[in-house]
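K.L.:
Below is protein-v5.txt; it holds compact mmCIF, C-alpha atoms.
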```
# COMPACT_ATOMS: atom_id res chain seq x y z
CA MET A 1 -83.17 -90.57 -8.22
CA THR A 2 -81.54 -88.99 -5.22
CA THR A 3 -78.27 -87.15 -5.41
CA LEU A 4 -75.65 -87.20 -2.71
CA SER A 5 -75.03 -84.14 -0.58
CA PRO A 6 -71.29 -84.11 -0.25
CA THR A 7 -69.78 -82.23 2.65
CA PRO A 8 -66.44 -80.43 2.32
CA ARG A 9 -64.77 -83.56 3.62
CA SER A 10 -66.42 -85.85 1.08
CA THR A 11 -66.17 -83.47 -1.86
CA LEU A 12 -63.39 -84.50 -4.13
CA THR A 13 -60.83 -81.80 -4.41
CA ARG A 14 -59.66 -82.58 -7.93
CA LYS A 15 -60.72 -84.21 -11.18
CA LYS A 16 -64.28 -83.32 -10.34
CA ASN A 17 -65.38 -84.75 -13.67
CA ARG A 18 -64.76 -88.16 -12.16
CA ALA A 19 -67.10 -87.49 -9.24
CA ALA A 20 -70.52 -88.90 -9.96
CA THR A 21 -72.80 -87.48 -7.31
CA ASP A 22 -75.45 -90.03 -7.99
CA ARG A 23 -76.69 -92.11 -5.12
CA GLN A 24 -77.41 -95.08 -7.36
CA ALA A 25 -73.76 -95.10 -8.47
CA LEU A 26 -72.75 -95.16 -4.79
CA TYR A 27 -75.07 -98.10 -4.14
CA ASP A 28 -73.75 -99.92 -7.20
CA VAL A 29 -70.13 -99.62 -6.11
CA LEU A 30 -70.89 -100.68 -2.54
CA ASP A 31 -72.92 -103.65 -3.78
CA ALA A 32 -70.39 -104.80 -6.38
CA ALA A 33 -67.26 -104.98 -4.22
CA LEU A 34 -66.46 -107.76 -1.77
CA ILE A 35 -64.37 -106.01 0.89
CA CYS A 36 -63.83 -102.48 2.14
CA HIS A 37 -60.86 -100.73 3.69
CA LEU A 38 -61.71 -99.16 7.01
CA GLY A 39 -59.65 -96.24 8.27
CA LEU A 40 -59.60 -94.97 11.81
CA VAL A 41 -57.24 -93.02 14.04
CA LEU A 42 -55.60 -94.93 16.89
CA HIS A 43 -53.29 -93.13 19.30
CA GLY A 44 -53.07 -90.30 16.78
CA SER A 45 -52.01 -92.48 13.86
CA PRO A 46 -54.06 -93.68 10.90
CA VAL A 47 -54.82 -97.39 10.65
CA VAL A 48 -56.31 -98.96 7.51
CA LEU A 49 -57.63 -102.51 7.60
CA PRO A 50 -59.64 -104.61 5.18
CA THR A 51 -62.94 -105.97 6.38
CA GLY A 52 -66.23 -107.35 5.17
CA TYR A 53 -69.33 -105.19 5.06
CA GLY A 54 -72.82 -105.04 3.63
CA ARG A 55 -75.34 -102.38 2.66
CA ASP A 56 -79.01 -102.15 3.57
CA GLY A 57 -80.61 -99.03 2.14
CA ASP A 58 -78.61 -96.06 3.40
CA THR A 59 -76.81 -98.00 6.10
CA VAL A 60 -73.52 -99.87 5.83
CA TYR A 61 -72.86 -102.57 8.41
CA PHE A 62 -69.52 -104.09 9.27
CA HIS A 63 -68.38 -106.27 12.11
CA GLY A 64 -65.52 -107.80 13.98
CA SER A 65 -64.52 -109.64 17.10
CA THR A 66 -64.96 -108.02 20.49
CA GLY A 67 -61.27 -108.93 20.89
CA SER A 68 -60.25 -106.53 18.12
CA GLY A 69 -58.79 -103.33 19.52
CA ASN A 70 -59.38 -101.52 16.24
CA LEU A 71 -63.06 -102.31 16.16
CA ARG A 72 -63.46 -101.62 19.85
CA ALA A 73 -62.13 -98.15 19.07
CA ALA A 74 -64.59 -97.73 16.21
CA ALA A 75 -67.34 -98.89 18.53
CA GLU A 76 -66.64 -95.96 20.81
CA GLY A 77 -68.23 -93.74 18.20
CA ILE A 78 -65.04 -92.36 16.73
CA ASP A 79 -64.64 -91.09 13.21
CA VAL A 80 -64.10 -93.68 10.50
CA CYS A 81 -63.61 -93.67 6.74
CA LEU A 82 -64.88 -96.71 4.86
CA THR A 83 -63.53 -96.96 1.32
CA VAL A 84 -64.52 -99.46 -1.35
CA THR A 85 -62.56 -99.68 -4.59
CA LEU A 86 -63.12 -101.70 -7.73
CA LEU A 87 -60.20 -101.69 -10.14
CA ASP A 88 -61.57 -102.01 -13.68
CA GLY A 89 -58.59 -101.45 -15.93
CA ILE A 90 -55.02 -100.37 -16.44
CA VAL A 91 -54.88 -97.38 -18.75
CA TYR A 92 -51.87 -97.28 -21.08
CA ALA A 93 -51.56 -93.79 -22.57
CA ARG A 94 -48.93 -92.78 -25.09
CA SER A 95 -47.19 -90.74 -22.40
CA LEU A 96 -46.12 -92.12 -19.04
CA ASN A 97 -47.72 -89.14 -17.31
CA ASN A 98 -51.16 -90.09 -18.60
CA HIS A 99 -50.95 -93.72 -17.57
CA SER A 100 -53.86 -94.25 -15.22
CA MET A 101 -56.41 -96.70 -13.87
CA ASN A 102 -60.08 -97.20 -14.55
CA TYR A 103 -61.84 -97.70 -11.24
CA ARG A 104 -64.93 -97.15 -9.18
CA CYS A 105 -64.42 -95.89 -5.63
CA ALA A 106 -66.89 -95.11 -2.86
CA VAL A 107 -65.77 -93.20 0.23
CA VAL A 108 -68.03 -93.04 3.28
CA HIS A 109 -67.13 -90.80 6.19
CA GLY A 110 -68.81 -91.27 9.51
CA ASN A 111 -68.48 -89.56 12.82
CA ARG A 112 -71.67 -91.21 13.90
CA CYS A 113 -70.31 -94.70 13.46
CA ALA A 114 -72.54 -96.63 15.83
CA VAL A 115 -72.05 -99.95 17.46
CA VAL A 116 -75.10 -102.13 17.39
CA HIS A 117 -74.76 -103.65 20.82
CA GLY A 118 -77.68 -105.97 20.96
CA ASN A 119 -77.13 -106.94 24.54
CA ALA A 120 -79.32 -106.33 27.50
CA LYS A 121 -77.02 -103.77 29.10
CA ARG A 122 -77.43 -101.35 26.24
CA VAL A 123 -80.40 -99.69 24.74
CA ASP A 124 -80.55 -101.02 21.20
CA SER A 125 -82.03 -104.25 20.10
CA PRO A 126 -80.65 -107.72 19.55
CA GLU A 127 -82.83 -107.76 16.46
CA GLU A 128 -80.82 -104.97 14.85
CA LYS A 129 -77.53 -106.65 15.71
CA THR A 130 -78.72 -109.88 14.12
CA HIS A 131 -79.98 -107.92 11.12
CA GLY A 132 -76.59 -106.23 10.70
CA LEU A 133 -74.83 -109.59 10.81
CA LYS A 134 -77.23 -110.94 8.21
CA VAL A 135 -76.53 -108.00 5.89
CA VAL A 136 -72.75 -108.50 6.18
CA THR A 137 -72.99 -112.28 5.73
CA GLU A 138 -75.33 -112.10 2.75
CA HIS A 139 -73.05 -109.57 1.06
CA LEU A 140 -70.08 -111.93 1.21
CA ALA A 141 -71.87 -115.27 0.97
CA PRO A 142 -75.37 -114.88 -0.47
CA GLY A 143 -77.70 -117.62 0.70
CA SER A 144 -75.59 -118.69 3.67
CA TRP A 145 -77.85 -117.02 6.23
CA ASP A 146 -80.65 -119.50 5.60
CA TYR A 147 -78.36 -122.44 4.80
CA ALA A 148 -75.61 -122.60 7.43
CA ARG A 149 -75.88 -123.28 11.14
CA GLY A 150 -77.18 -120.14 12.82
CA VAL A 151 -75.50 -117.87 15.34
CA THR A 152 -75.76 -118.87 18.99
CA ALA A 153 -76.23 -116.36 21.77
CA LYS A 154 -72.61 -116.90 22.81
CA GLU A 155 -71.37 -116.33 19.25
CA LEU A 156 -73.54 -113.24 18.92
CA ALA A 157 -72.02 -111.83 22.09
CA SER A 158 -68.50 -112.30 20.70
CA VAL A 159 -69.15 -110.11 17.67
CA VAL A 160 -69.19 -106.33 17.42
CA VAL A 161 -71.57 -105.02 14.76
CA LEU A 162 -71.22 -101.44 13.62
CA SER A 163 -73.40 -99.30 11.43
CA LEU A 164 -72.55 -96.27 9.36
CA ASP A 165 -75.06 -94.20 7.47
CA LEU A 166 -74.43 -93.00 3.95
CA ALA A 167 -75.13 -89.34 4.73
CA GLU A 168 -71.56 -88.29 4.03
CA ALA A 169 -70.41 -90.24 1.03
CA SER A 170 -68.90 -89.72 -2.37
CA VAL A 171 -68.27 -91.88 -5.39
CA LYS A 172 -65.58 -91.39 -7.99
CA ILE A 173 -65.40 -93.24 -11.27
CA ARG A 174 -62.87 -93.27 -14.11
CA ALA A 175 -63.80 -95.20 -17.20
CA GLY A 176 -63.01 -95.24 -20.89
CA GLU A 177 -60.02 -94.46 -23.03
CA PRO A 178 -56.69 -92.93 -22.08
CA GLY A 179 -56.37 -89.16 -21.95
CA GLU A 180 -53.60 -87.82 -24.16
CA GLU A 181 -51.74 -84.55 -24.44
CA PRO A 182 -52.19 -82.76 -27.77
CA GLU A 183 -48.55 -83.48 -28.58
CA ASP A 184 -49.24 -87.24 -28.34
CA GLU A 185 -52.48 -87.44 -30.30
CA HIS A 186 -50.68 -88.20 -33.53
CA ALA A 187 -47.83 -90.23 -32.06
CA ASP A 188 -49.02 -93.19 -34.07
CA HIS A 189 -45.92 -95.24 -33.39
CA ILE A 190 -47.05 -95.72 -29.75
CA TRP A 191 -49.83 -98.11 -28.77
CA ALA A 192 -52.47 -96.95 -26.32
CA GLY A 193 -55.42 -98.66 -24.74
CA VAL A 194 -56.86 -100.29 -21.68
CA VAL A 195 -56.21 -103.70 -20.15
CA PRO A 196 -59.40 -104.72 -18.35
CA VAL A 197 -59.10 -106.01 -14.78
CA GLN A 198 -61.75 -108.32 -13.40
CA THR A 199 -62.48 -110.13 -10.17
CA THR A 200 -63.55 -113.69 -10.92
CA PHE A 201 -64.59 -116.68 -8.86
CA GLY A 202 -63.00 -120.07 -9.28
CA ALA A 203 -64.78 -123.40 -8.97
CA PRO A 204 -65.80 -124.02 -5.34
CA VAL A 205 -63.38 -126.28 -3.45
CA THR A 206 -65.20 -128.61 -1.07
CA ALA A 207 -63.57 -128.95 2.37
CA SER A 208 -61.72 -132.21 3.00
CA TYR A 209 -64.01 -133.19 5.87
CA VAL A 210 -67.22 -132.98 3.82
CA PRO A 211 -68.46 -136.44 2.75
CA GLY A 212 -67.52 -137.42 -0.79
CA GLY A 213 -70.12 -136.78 -3.47
CA PHE A 214 -71.69 -133.82 -1.65
CA ALA A 215 -72.78 -131.47 -4.45
CA VAL A 216 -71.98 -127.79 -4.03
CA PRO A 217 -75.27 -126.13 -3.02
CA GLY A 218 -77.09 -124.12 -5.68
CA HIS A 219 -76.99 -120.84 -3.73
CA ILE A 220 -73.18 -120.98 -3.95
CA THR A 221 -72.83 -122.08 -7.56
CA ARG A 222 -75.36 -119.47 -8.67
CA ALA A 223 -73.78 -116.57 -6.80
CA ARG A 224 -70.10 -117.40 -6.64
CA GLY A 225 -69.21 -120.53 -8.55
CA ARG A 226 -68.77 -121.35 -12.17
CA MET B 1 -34.06 -114.45 5.20
CA THR B 2 -34.84 -111.39 7.26
CA THR B 3 -37.75 -111.24 9.63
CA LEU B 4 -39.80 -108.16 10.29
CA SER B 5 -39.48 -106.30 13.55
CA PRO B 6 -43.03 -105.31 14.29
CA THR B 7 -43.64 -102.39 16.62
CA PRO B 8 -46.61 -102.29 18.98
CA ARG B 9 -48.54 -100.43 16.27
CA SER B 10 -47.80 -102.98 13.58
CA THR B 11 -48.20 -106.04 15.77
CA LEU B 12 -51.49 -107.71 15.14
CA THR B 13 -53.57 -107.76 18.25
CA ARG B 14 -55.46 -110.95 17.51
CA LYS B 15 -55.34 -114.16 15.50
CA LYS B 16 -51.60 -114.04 15.75
CA ASN B 17 -51.37 -117.35 13.94
CA ARG B 18 -52.27 -115.45 10.81
CA ALA B 19 -49.36 -113.06 11.18
CA ALA B 20 -46.42 -114.24 9.15
CA THR B 21 -43.49 -112.16 10.26
CA ASP B 22 -41.48 -113.03 7.23
CA ARG B 23 -40.11 -110.25 5.12
CA GLN B 24 -40.37 -112.26 1.93
CA ALA B 25 -44.11 -112.71 2.54
CA LEU B 26 -44.40 -108.93 2.90
CA TYR B 27 -42.55 -108.41 -0.38
CA ASP B 28 -44.71 -111.01 -2.11
CA VAL B 29 -47.96 -109.34 -1.06
CA LEU B 30 -46.73 -105.87 -2.02
CA ASP B 31 -45.51 -107.15 -5.37
CA ALA B 32 -48.64 -109.14 -6.20
CA ALA B 33 -51.30 -106.47 -5.65
CA LEU B 34 -52.08 -103.66 -8.06
CA ILE B 35 -53.31 -100.86 -5.80
CA CYS B 36 -53.01 -99.90 -2.15
CA HIS B 37 -55.28 -98.02 0.21
CA LEU B 38 -53.55 -95.07 1.81
CA GLY B 39 -54.81 -93.74 5.11
CA LEU B 40 -53.98 -90.39 6.60
CA VAL B 41 -55.50 -88.00 9.10
CA LEU B 42 -56.88 -84.74 7.71
CA HIS B 43 -58.38 -82.16 10.07
CA GLY B 44 -58.55 -84.84 12.73
CA SER B 45 -60.50 -87.32 10.61
CA PRO B 46 -59.29 -90.46 8.86
CA VAL B 47 -59.24 -90.48 5.07
CA VAL B 48 -58.65 -93.66 3.04
CA LEU B 49 -57.98 -93.45 -0.68
CA PRO B 50 -56.85 -95.97 -3.28
CA THR B 51 -53.66 -95.24 -5.14
CA GLY B 52 -50.93 -96.84 -7.19
CA TYR B 53 -47.59 -97.72 -5.66
CA GLY B 54 -44.47 -99.72 -6.25
CA ARG B 55 -41.74 -101.38 -4.19
CA ASP B 56 -37.98 -101.15 -4.60
CA GLY B 57 -36.17 -103.13 -1.93
CA ASP B 58 -37.35 -101.84 1.42
CA THR B 59 -38.93 -98.68 0.04
CA VAL B 60 -42.49 -98.22 -1.20
CA TYR B 61 -43.10 -95.30 -3.55
CA PHE B 62 -46.45 -93.74 -4.35
CA HIS B 63 -47.38 -90.55 -6.11
CA GLY B 64 -50.07 -88.07 -6.93
CA SER B 65 -50.75 -84.65 -8.35
CA THR B 66 -49.41 -81.56 -6.63
CA GLY B 67 -53.07 -80.44 -6.82
CA SER B 68 -54.15 -83.20 -4.46
CA GLY B 69 -54.77 -81.89 -0.96
CA ASN B 70 -54.49 -85.37 0.50
CA LEU B 71 -51.06 -86.02 -0.96
CA ARG B 72 -49.89 -82.53 -0.13
CA ALA B 73 -50.73 -83.39 3.46
CA ALA B 74 -48.81 -86.66 3.23
CA ALA B 75 -45.92 -84.75 1.73
CA GLU B 76 -45.65 -82.68 4.89
CA GLY B 77 -44.23 -85.75 6.55
CA ILE B 78 -47.34 -86.77 8.45
CA ASP B 79 -48.15 -90.26 9.55
CA VAL B 80 -49.64 -92.58 6.93
CA CYS B 81 -50.82 -96.18 6.80
CA LEU B 82 -50.48 -97.96 3.48
CA THR B 83 -52.49 -101.18 3.25
CA VAL B 84 -52.46 -103.72 0.44
CA THR B 85 -55.01 -106.54 0.40
CA LEU B 86 -55.41 -109.51 -1.91
CA LEU B 87 -58.68 -111.36 -1.50
CA ASP B 88 -58.08 -115.03 -2.29
CA GLY B 89 -61.28 -116.78 -1.34
CA ILE B 90 -64.63 -116.77 0.37
CA VAL B 91 -64.69 -119.31 3.17
CA TYR B 92 -68.00 -121.09 3.71
CA ALA B 93 -67.98 -122.83 7.08
CA ARG B 94 -70.81 -124.95 8.41
CA SER B 95 -71.64 -122.22 10.92
CA LEU B 96 -72.28 -118.60 9.98
CA ASN B 97 -69.90 -117.46 12.71
CA ASN B 98 -66.98 -119.24 11.05
CA HIS B 99 -67.62 -117.83 7.59
CA SER B 100 -64.46 -115.96 6.66
CA MET B 101 -62.17 -114.84 3.88
CA ASN B 102 -58.84 -116.10 2.64
CA TYR B 103 -56.62 -113.12 2.04
CA ARG B 104 -53.12 -111.68 2.13
CA CYS B 105 -52.74 -108.24 3.68
CA ALA B 106 -49.71 -106.03 4.16
CA VAL B 107 -49.88 -102.98 6.44
CA VAL B 108 -47.09 -100.40 6.37
CA HIS B 109 -47.03 -97.61 8.91
CA GLY B 110 -44.86 -94.60 8.36
CA ASN B 111 -44.27 -91.46 10.31
CA ARG B 112 -41.25 -90.79 8.19
CA CYS B 113 -43.25 -90.67 4.97
CA ALA B 114 -40.99 -88.53 2.83
CA VAL B 115 -41.73 -86.52 -0.25
CA VAL B 116 -39.16 -86.95 -2.97
CA HIS B 117 -39.10 -83.39 -4.18
CA GLY B 118 -36.70 -83.52 -7.02
CA ASN B 119 -36.76 -79.80 -7.61
CA ALA B 120 -33.99 -77.34 -7.22
CA LYS B 121 -35.46 -75.67 -4.17
CA ARG B 122 -35.16 -78.77 -2.05
CA VAL B 123 -32.25 -80.89 -1.09
CA ASP B 124 -32.97 -84.26 -2.62
CA SER B 125 -32.31 -85.28 -6.14
CA PRO B 126 -34.38 -85.25 -9.32
CA GLU B 127 -32.85 -88.65 -10.00
CA GLU B 128 -34.60 -90.15 -6.99
CA LYS B 129 -37.92 -88.56 -7.95
CA THR B 130 -37.62 -90.02 -11.43
CA HIS B 131 -36.62 -93.36 -9.95
CA GLY B 132 -39.69 -93.35 -7.70
CA LEU B 133 -41.95 -92.62 -10.65
CA LYS B 134 -40.35 -95.45 -12.58
CA VAL B 135 -40.96 -97.89 -9.71
CA VAL B 136 -44.65 -96.90 -9.48
CA THR B 137 -45.14 -97.02 -13.25
CA GLU B 138 -43.43 -100.36 -13.71
CA HIS B 139 -45.51 -101.87 -10.91
CA LEU B 140 -48.75 -100.98 -12.67
CA ALA B 141 -47.64 -101.19 -16.28
CA PRO B 142 -44.47 -103.26 -16.64
CA GLY B 143 -42.47 -102.24 -19.68
CA SER B 144 -44.11 -98.86 -20.15
CA TRP B 145 -41.18 -96.91 -18.77
CA ASP B 146 -39.02 -97.77 -21.77
CA TYR B 147 -41.87 -97.87 -24.29
CA ALA B 148 -44.07 -94.80 -23.75
CA ARG B 149 -43.22 -91.14 -24.24
CA GLY B 150 -41.12 -90.01 -21.29
CA VAL B 151 -41.89 -87.50 -18.58
CA THR B 152 -41.13 -83.86 -19.39
CA ALA B 153 -39.71 -81.45 -16.83
CA LYS B 154 -43.11 -79.77 -16.62
CA GLU B 155 -44.88 -83.07 -16.05
CA LEU B 156 -42.31 -84.09 -13.45
CA ALA B 157 -42.95 -80.85 -11.59
CA SER B 158 -46.69 -81.57 -11.49
CA VAL B 159 -46.26 -84.86 -9.65
CA VAL B 160 -45.60 -85.48 -5.97
CA VAL B 161 -43.57 -88.62 -5.31
CA LEU B 162 -43.51 -90.03 -1.80
CA SER B 163 -41.45 -92.75 -0.26
CA LEU B 164 -42.13 -94.92 2.73
CA ASP B 165 -39.71 -97.40 4.18
CA LEU B 166 -40.77 -100.86 5.25
CA ALA B 167 -39.32 -100.58 8.76
CA GLU B 168 -42.71 -100.74 10.41
CA ALA B 169 -44.73 -103.29 8.52
CA SER B 170 -46.74 -106.43 9.10
CA VAL B 171 -48.29 -109.06 6.90
CA LYS B 172 -51.29 -111.19 7.73
CA ILE B 173 -52.40 -114.20 5.74
CA ARG B 174 -55.36 -116.53 6.01
CA ALA B 175 -55.40 -119.55 3.72
CA GLY B 176 -56.85 -123.00 3.60
CA GLU B 177 -60.00 -124.68 4.79
CA PRO B 178 -62.77 -123.32 7.00
CA GLY B 179 -62.41 -123.51 10.74
CA GLU B 180 -65.26 -125.32 12.45
CA GLU B 181 -66.55 -125.60 15.99
CA PRO B 182 -66.42 -129.13 17.46
CA GLU B 183 -70.22 -129.21 17.36
CA ASP B 184 -70.16 -128.72 13.57
CA GLU B 185 -67.43 -131.17 12.64
CA HIS B 186 -69.89 -133.96 12.03
CA ALA B 187 -72.75 -131.84 10.67
CA ASP B 188 -72.48 -133.72 7.41
CA HIS B 189 -75.71 -132.31 6.03
CA ILE B 190 -74.03 -128.92 5.58
CA TRP B 191 -71.57 -128.20 2.78
CA ALA B 192 -68.35 -126.35 3.59
CA GLY B 193 -65.51 -125.15 1.44
CA VAL B 194 -63.81 -122.23 -0.23
CA VAL B 195 -64.75 -120.29 -3.35
CA PRO B 196 -61.51 -118.97 -4.84
CA VAL B 197 -61.36 -115.30 -5.81
CA GLN B 198 -58.95 -114.18 -8.50
CA THR B 199 -57.95 -110.97 -10.20
CA THR B 200 -57.67 -111.55 -13.93
CA PHE B 201 -56.78 -109.43 -16.91
CA GLY B 202 -59.00 -109.21 -19.98
CA ALA B 203 -57.78 -108.92 -23.54
CA PRO B 204 -56.22 -105.47 -24.11
CA VAL B 205 -58.60 -102.98 -25.76
CA THR B 206 -56.78 -100.75 -28.23
CA ALA B 207 -57.76 -97.06 -28.03
CA SER B 208 -60.00 -95.79 -30.85
CA TYR B 209 -57.41 -93.29 -32.05
CA VAL B 210 -54.66 -95.87 -32.57
CA PRO B 211 -54.26 -96.80 -36.28
CA GLY B 212 -56.00 -100.02 -37.28
CA GLY B 213 -53.88 -103.14 -37.31
CA PHE B 214 -51.51 -101.94 -34.60
CA ALA B 215 -50.57 -105.08 -32.67
CA VAL B 216 -50.63 -104.88 -28.88
CA PRO B 217 -46.96 -104.63 -27.81
CA GLY B 218 -45.37 -107.74 -26.35
CA HIS B 219 -44.54 -106.16 -23.00
CA ILE B 220 -48.28 -105.69 -22.45
CA THR B 221 -49.50 -109.06 -23.68
CA ARG B 222 -46.80 -110.83 -21.70
CA ALA B 223 -47.50 -109.00 -18.42
CA ARG B 224 -51.16 -108.13 -18.54
CA GLY B 225 -52.93 -109.55 -21.57
CA ARG B 226 -54.24 -112.94 -22.48
```
Would you encode the structure as structure tokens?

P.N.:
Amino acid sequence: MTTLSPTPRSTLTRKKNRAATDRQALYDVLDAALICHLGLVLHGSPVVLPTGYGRDGDTVYFHGSTGSGNLRAAAEGIDVCLTVTLLDGIVYARSLNNHSMNYRCAVVHGNRCAVVHGNAKRVDSPEEKTHGLKVVTEHLAPGSWDYARGVTAKELASVVVLSLDLAEASVKIRAGEPGEEPEDEHADHIWAGVVPVQTTFGAPVTASYVPGGFAVPGHITRARGR
Amino acid sequence: MTTLSPTPRSTLTRKKNRAATDRQALYDVLDAALICHLGLVLHGSPVVLPTGYGRDGDTVYFHGSTGSGNLRAAAEGIDVCLTVTLLDGIVYARSLNNHSMNYRCAVVHGNRCAVVHGNAKRVDSPEEKTHGLKVVTEHLAPGSWDYARGVTAKELASVVVLSLDLAEASVKIRAGEPGEEPEDEHADHIWAGVVPVQTTFGAPVTASYVPGGFAVPGHITRARGR
């Protein structure tokens, strides 16, 4: 088991008991969530946008259109912050001040955010660009890579793939019961507890243009359907 | 019905058909989500963190501990970006390149992010600070404000409340069926459709220290329980 090596920037400044410096916990959070929020600085101002991503070992890949100004900026090698949050519960304490949330949150900083160009004018390989796309696709839609119609050269050229290593990352988790002040511990007239929050998948909805009677493929029902 | 007045920063640079410049849509997204991701620039680098929030009219409130370096920075009046995303579905197109997500996303920029001090050394009122806390609390835990033990002066002093107006905001929504290339429209051997994604609440879990037989209060079962 490897532990993370947080830098000053990725070290949580408070509630350190919620910081689990365990690399497996980081992997688990990154693998369990569906989208991330990507932060970057544009013209001096912060911008935060949701996007898909995927993890392969100690690398996170994400992608976007070459027409996206935000991702073009990230592709220049600027600093980014990729944050993934899973909300697990609403914590009702006896006092308002101790109301809280149960959650799992991974924060990855990167000033080495690299674009995977995969075109002949640059040095890195089309193979890595295709691999990055596969990682992102399989994270969101497991099984689609082998099932759906593949990416053409023209489509590949229209996509920016970026990679971010997990060298500078932290994970923060809050779980369990409410915290209470001593003065509230015996306030037995007030309920306290946790309302669990879950992300669930509904039954797949077949597109209108698909021929009638087409069964939803097993790779979708197994991973995402019910 | 008021429409938003997006600035260059809040105007979406691509897929403009997904940008609904309707203020009600912005309100709906902000009201439906549970947490936001707050971006700010610290020491020149972007930082993105999840946090609670709440909306009152055209103001978004969020809060944190006075011990939080990130929120202390925001309290200095620096630029922030508050992003709220609801993931509604995973879109399986016939081609990998058209795989997508259905989502609703609100992005609020603010360079007038204001701390609501509510202490005697500053000019603004304790009433507004308390109001901001109420808005945030009621967003996460409707009904708790009147039910739980109230905030003491000491607790109030330990919290930073910030407000952000919705002057510079945008909302982006993707819904409906997959998009397909003309070459895939008749590829009837490939399934296509949407797997809905939902956020659901589990049955409330009463804390271990609450006396046995204590029924979960109605304001919780109505808003958050099942």

K.L.:
Quote the spacing between CA of Leu166 (chain B) and CA of Ser100 (chain A) in Å to one decimal place.

P.N.:
25.2 Å

K.L.:
Which chain B residues are at most 6 Å from chain A (counting only C-alpha atoms), as number ranges by chain?

P.N.:
B: 39-40, 46-48, 81, 94-96, 148-150, 192-202, 204-207

K.L.:
For the residues in the current selection, export C-alpha atoms as a PDB file, keeping the file's coordinate frame.

P.N.:
```pdb
ATOM      1  CA  GLY B  39     -54.810 -93.740   5.110  1.00  0.00           C
ATOM      2  CA  LEU B  40     -53.980 -90.390   6.600  1.00  0.00           C
ATOM      3  CA  PRO B  46     -59.290 -90.460   8.860  1.00  0.00           C
ATOM      4  CA  VAL B  47     -59.240 -90.480   5.070  1.00  0.00           C
ATOM      5  CA  VAL B  48     -58.650 -93.660   3.040  1.00  0.00           C
ATOM      6  CA  CYS B  81     -50.820 -96.180   6.800  1.00  0.00           C
ATOM      7  CA  ARG B  94     -70.810-124.950   8.410  1.00  0.00           C
ATOM      8  CA  SER B  95     -71.640-122.220  10.920  1.00  0.00           C
ATOM      9  CA  LEU B  96     -72.280-118.600   9.980  1.00  0.00           C
ATOM     10  CA  ALA B 148     -44.070 -94.800 -23.750  1.00  0.00           C
ATOM     11  CA  ARG B 149     -43.220 -91.140 -24.240  1.00  0.00           C
ATOM     12  CA  GLY B 150     -41.120 -90.010 -21.290  1.00  0.00           C
ATOM     13  CA  ALA B 192     -68.350-126.350   3.590  1.00  0.00           C
ATOM     14  CA  GLY B 193     -65.510-125.150   1.440  1.00  0.00           C
ATOM     15  CA  VAL B 194     -63.810-122.230  -0.230  1.00  0.00           C
ATOM     16  CA  VAL B 195     -64.750-120.290  -3.350  1.00  0.00           C
ATOM     17  CA  PRO B 196     -61.510-118.970  -4.840  1.00  0.00           C
ATOM     18  CA  VAL B 197     -61.360-115.300  -5.810  1.00  0.00           C
ATOM     19  CA  GLN B 198     -58.950-114.180  -8.500  1.00  0.00           C
ATOM     20  CA  THR B 199     -57.950-110.970 -10.200  1.00  0.00           C
ATOM     21  CA  THR B 200     -57.670-111.550 -13.930  1.00  0.00           C
ATOM     22  CA  PHE B 201     -56.780-109.430 -16.910  1.00  0.00           C
ATOM     23  CA  GLY B 202     -59.000-109.210 -19.980  1.00  0.00           C
ATOM     24  CA  PRO B 204     -56.220-105.470 -24.110  1.00  0.00           C
ATOM     25  CA  VAL B 205     -58.600-102.980 -25.760  1.00  0.00           C
ATOM     26  CA  THR B 206     -56.780-100.750 -28.230  1.00  0.00           C
ATOM     27  CA  ALA B 207     -57.760 -97.060 -28.030  1.00  0.00           C
TER      28      ALA B 207
END
```

K.L.:
State, in Å with one decimal place, the distance from CA of Gly54 (chain B) to CA of Asn102 (chain B).

P.N.:
23.5 Å

K.L.:
Please compute the CA of Gln24 (chain B)-CA of Arg174 (chain B) distance, one decimal, in Å.

P.N.:
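Between CA of Gln24 (chain B) and CA of Arg174 (chain B) the gap is 16.1 Å.
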
K.L.:
Env of Tyr53 (chain B): 6 Å cut, atoms = only C-alpha atoms, seq-sep filter 4 positions within chain, self excluded. Answer as a PyMOL selection string.

P.N.:
chain B and resi 61-62+136
